[in-house]
Amino acid sequence: MHAVSQQVNEWIDGFLFVANKLLLDLLNTKPVLADGPTELLPDVRALERWLIASGMVTSTKTKAILRGWRHSTEATVFLEQLIAFRETLREAVVRIENGSSPTDAFLAEVNSLLFQYPRRISLHKSDGKVIRETLFEPRKPADLWASIIDATADLLTETESSRIRKCELCVVHFFDTSKRGSRRWCSMNICGNKLKVAAYQRRKRGDHATTN
Ligand SMILES: [Zn+2]
């Protein structure tokens, strides 16, 4: 397995964002780096940084709430559950990538979380029009499930499954938004160049073989 280079701009605050989908970016919080598979969410402080880097948390108020959870047992428990969920989600995504569908057990788990943590919506007026807005005001760590599970439902139902793919060279998953739908690697900077170099070297070796 090729190691992912950390020298490129797809990294925000030490996390990889190349997937075009929040939940696939969550899967990619365990990439293979130079030292092997690396957990990028080892503690609550790392989770706090990922929530901000991913754009899930933007308001000053919510950032302050997150800071207040740094030594919270509830936040530690949430992170453990989130990591466990990430790995069952990974299995579901691999099944989708292989042309299958998620297991009934996984859908039951998602349904249970959807039921427990429904998306909260409110209406407000903007320029005389009534706008529907999803509320995101986590008061306790478990409230983060509402966004995570809503994004899961989006990934499983609204996303063209043939465009959910794993990089040909590494463990990173992504949603292909390219026009032709022919994206093969996590990023040109990370794995694309390696594949191009490998193909070039193969061609060179081929040329060499035919001239002898
Ligand atoms: Zn890759």
# chains A, B, ... in the order shown; residues from 1 in each chain; ligands from 1
>>> residues_near_ligand(ligand="ligand 1", cutoff="12 Å", atoms="only C-alpha atoms and all ligand atoms", output="MDAnalysis selection string")
chainID A and resid 1:6 10 16:19 28 31:33 165:174 183:195
>>> select_by_dssp(residues="chain A", states="strand (DSSP E)", output="MDAnalysis selection string")
chainID A and resid 11:12 15:16 32:33 36:37 120:126 129:135 164:166 173:175
>>> select_by_dssp(residues="range 24-207 of chain A", states="alpha helix (DSSP H)", output="ChimeraX atom specification")
/A:24-27,44-53,60-67,73-97,104-116,145-157,193-207
>>> closest_residue(among="A:Gln116, A:Ser162, A:Thr60, A:Thr88", to="Thr103 in chain A", atoms="only C-alpha atoms")
A:Thr88
>>> atom_distance(atom1="CA of Lys140 in chain A", atom2="CA of Ile65 in chain A")
8.5 Å
>>> atom_distance(atom1="CA of Lys21 in chain A", atom2="CA of Phe175 in chain A")
6.5 Å
>>> closest_residue(among="A:Leu155, A:Ile83, A:Leu47, A:Ile164", to="Gly99 in chain A", atoms="only C-alpha atoms")
A:Ile164
>>> residues_around(residues="Val110 in chain A", least_positions_apart="2", cutoff="10 Å", atoms="only C-alpha atoms", output="PyMOL selection string")
chain A and resi 85+89+104-108+112-116+149-150+152-153
>>> closest_residue(among="A:Lys179, A:His124, A:Lys129, A:Arg86", to="Thr29 in chain A", atoms="only C-alpha atoms")
A:Arg86
>>> atom_distance(atom1="CA of Leu41 in chain A", atom2="CA of Ser59 in chain A")
21.5 Å
>>> residues_around(residues="Arg70 in chain A", least_positions_apart="4", cutoff="12 Å", atoms="only C-alpha atoms", output="PyMOL selection string")
chain A and resi 43-49+63-66+74-76+79+140-141
